[in-house]
Structure formats: C-alpha cells, structure tokens
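Colleague: Please read through the structure below; I'll follow up with questions.
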Amino acid sequence: MNTGPLVSVIIPAYDAESYLAEAIESTLGQSFQPLEVIVVYDGSTDRTAEVAATFGDRIRYIWRTN
C-alpha cells in the first residue's frame, strides 16, 4: 500500500473533444502514483462528455452548466 501523497490533476474541458483523450492518456501514463484525474467540463457542446466517459472509473468527471 502506497501511503505517499496523492497528486490530483484537474483538466478543465470546454469543447475539448479533439484533445481530451490525449490529455487524459498522457496524465494516466505518468509514473507517479497515487494519481487522481479529474475532468471538469463546463457545458460543452461537443462530445467532451462521451470522450471522458470512455475512461470509466480511471478518472472522475464533473459536469456543470456554463
């Protein structure tokens, strides 16, 4: 069990469908653990939410209205 510090990476995403998967994959590929990835999408009008959902429980995403 790792008792070291938790690193939280917050990715703000508004209409970020084109870049979000790459940003999440890059973050998850880091060697530092434990790592928490939070995507906050702010009422996007593209497929940002669907892209975030493909990562399942490896990330946490928060939706809010713009």
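Chain lettering (A, B, ...) mirrors the order of the structure tokens, residue numbering begins at 1 for each chain separately, and ligand numbering begins at 1 in order of display.
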Do a neighbour search on Pro12 in chain A at 8 Å with only C-alpha atoms, toss out local chain neighbours closer than 4 positions, and write the hits as JSON, numbers by chain.
Modeller: {"A": [39, 40, 41, 42]}
Colleague: Write down as a ChimeraX atom specification the residues belonging to chain A that are assigned strand (DSSP E) by DSSP computed on the backbone.
Modeller: /A:7-13,35-42,60-64
Colleague: Name the residues in contact with Val37 in chain A at a cut-off of 10 Å, using only C-alpha atoms, excluding same-chain residues fewer than 3 positions from it; report them as a list in words.
Modeller: Val7, Ser8, Val9, Ile10, Ile11, Ile24, Thr27, Leu28, Val40, Asp57, Arg58, Ile59, Arg60 and Tyr61 of chain A
Colleague: How would the residues just picked look written out with N, CA, C and O atoms as a PDB file, in the first residue's frame?
Modeller:
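Result written to result.pdb:
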```
ATOM      1  N   VAL A   7      -1.566  12.918  -5.809  1.00  0.00           N
ATOM      2  CA  VAL A   7      -1.455  14.008  -6.774  1.00  0.00           C
ATOM      3  C   VAL A   7      -2.764  14.070  -7.543  1.00  0.00           C
ATOM      4  O   VAL A   7      -3.198  13.070  -8.121  1.00  0.00           O
ATOM      5  N   SER A   8      -3.401  15.229  -7.534  1.00  0.00           N
ATOM      6  CA  SER A   8      -4.640  15.429  -8.276  1.00  0.00           C
ATOM      7  C   SER A   8      -4.332  16.271  -9.507  1.00  0.00           C
ATOM      8  O   SER A   8      -3.725  17.334  -9.401  1.00  0.00           O
ATOM      9  N   VAL A   9      -4.751  15.765 -10.655  1.00  0.00           N
ATOM     10  CA  VAL A   9      -4.608  16.505 -11.902  1.00  0.00           C
ATOM     11  C   VAL A   9      -6.009  16.905 -12.335  1.00  0.00           C
ATOM     12  O   VAL A   9      -6.880  16.058 -12.507  1.00  0.00           O
ATOM     13  N   ILE A  10      -6.224  18.197 -12.500  1.00  0.00           N
ATOM     14  CA  ILE A  10      -7.529  18.708 -12.906  1.00  0.00           C
ATOM     15  C   ILE A  10      -7.412  19.210 -14.336  1.00  0.00           C
ATOM     16  O   ILE A  10      -6.566  20.049 -14.645  1.00  0.00           O
ATOM     17  N   ILE A  11      -8.264  18.657 -15.200  1.00  0.00           N
ATOM     18  CA  ILE A  11      -8.256  19.028 -16.608  1.00  0.00           C
ATOM     19  C   ILE A  11      -9.554  19.774 -16.901  1.00  0.00           C
ATOM     20  O   ILE A  11     -10.627  19.168 -16.960  1.00  0.00           O
ATOM     21  N   ILE A  24      -5.810  13.019 -21.198  1.00  0.00           N
ATOM     22  CA  ILE A  24      -6.057  12.038 -20.150  1.00  0.00           C
ATOM     23  C   ILE A  24      -5.047  10.897 -20.233  1.00  0.00           C
ATOM     24  O   ILE A  24      -4.476  10.478 -19.225  1.00  0.00           O
ATOM     25  N   THR A  27      -1.729  11.940 -18.895  1.00  0.00           N
ATOM     26  CA  THR A  27      -1.762  12.045 -17.442  1.00  0.00           C
ATOM     27  C   THR A  27      -1.720  10.664 -16.796  1.00  0.00           C
ATOM     28  O   THR A  27      -0.956  10.428 -15.856  1.00  0.00           O
ATOM     29  N   LEU A  28      -2.539   9.739 -17.296  1.00  0.00           N
ATOM     30  CA  LEU A  28      -2.572   8.392 -16.731  1.00  0.00           C
ATOM     31  C   LEU A  28      -1.262   7.644 -16.955  1.00  0.00           C
ATOM     32  O   LEU A  28      -0.934   6.721 -16.212  1.00  0.00           O
ATOM     33  N   VAL A  40     -13.185  18.420 -15.556  1.00  0.00           N
ATOM     34  CA  VAL A  40     -14.320  19.306 -15.298  1.00  0.00           C
ATOM     35  C   VAL A  40     -14.735  19.894 -16.637  1.00  0.00           C
ATOM     36  O   VAL A  40     -13.983  20.632 -17.253  1.00  0.00           O
ATOM     37  N   ASP A  57     -13.894   4.348 -14.679  1.00  0.00           N
ATOM     38  CA  ASP A  57     -13.568   4.745 -13.307  1.00  0.00           C
ATOM     39  C   ASP A  57     -12.098   5.086 -13.101  1.00  0.00           C
ATOM     40  O   ASP A  57     -11.667   5.333 -11.977  1.00  0.00           O
ATOM     41  N   ARG A  58     -11.326   5.137 -14.185  1.00  0.00           N
ATOM     42  CA  ARG A  58      -9.923   5.568 -14.046  1.00  0.00           C
ATOM     43  C   ARG A  58      -9.836   7.071 -13.829  1.00  0.00           C
ATOM     44  O   ARG A  58      -8.813   7.584 -13.392  1.00  0.00           O
ATOM     45  N   ILE A  59     -10.915   7.787 -14.164  1.00  0.00           N
ATOM     46  CA  ILE A  59     -10.961   9.234 -13.944  1.00  0.00           C
ATOM     47  C   ILE A  59     -12.276   9.573 -13.261  1.00  0.00           C
ATOM     48  O   ILE A  59     -13.193   8.761 -13.195  1.00  0.00           O
ATOM     49  N   ARG A  60     -12.330  10.789 -12.782  1.00  0.00           N
ATOM     50  CA  ARG A  60     -13.585  11.314 -12.238  1.00  0.00           C
ATOM     51  C   ARG A  60     -13.930  12.522 -13.084  1.00  0.00           C
ATOM     52  O   ARG A  60     -13.061  13.336 -13.398  1.00  0.00           O
ATOM     53  N   TYR A  61     -15.188  12.635 -13.471  1.00  0.00           N
ATOM     54  CA  TYR A  61     -15.532  13.841 -14.214  1.00  0.00           C
ATOM     55  C   TYR A  61     -16.738  14.519 -13.601  1.00  0.00           C
ATOM     56  O   TYR A  61     -17.610  13.896 -13.027  1.00  0.00           O
TER      57      TYR A  61
END
```
Colleague: Between CA of Ser18 in chain A and CA of Thr65 in chain A, what is the spacing in Å?
Modeller: 20.2 Å
Colleague: Which residues are close to Ala13 in chain A, i.e. within 12 Å by only C-alpha atoms, leaving aside same-chain residues fewer than 6 positions away? Reply as JSON, numbers by chain.
Modeller: {"A": [19, 20, 21, 23, 24, 38, 39, 40, 41, 42, 43, 44, 45, 46, 47, 48, 49, 51, 52, 61, 62, 63, 64, 66]}
Colleague: CA of Gly56 in chain A to CA of Glu17 in chain A: how many Å, to one decimal?
Modeller: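 Those two atoms sit 16.1 Å apart.
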Colleague: Taking into account only C-alpha atoms, which residue in the set A:Gln30, A:Leu6, A:Glu25, A:Leu35 is nearest to Phe55 in chain A?
Modeller: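 Looking at the shortest contact to Phe55 in chain A, the residue is A:Glu25.
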Colleague: Per DSSP on the backbone, filter chain A down to the residues in alpha helix (DSSP H) and report them as an NGL selection string.
Modeller: :A and (17-28 or 48-53)
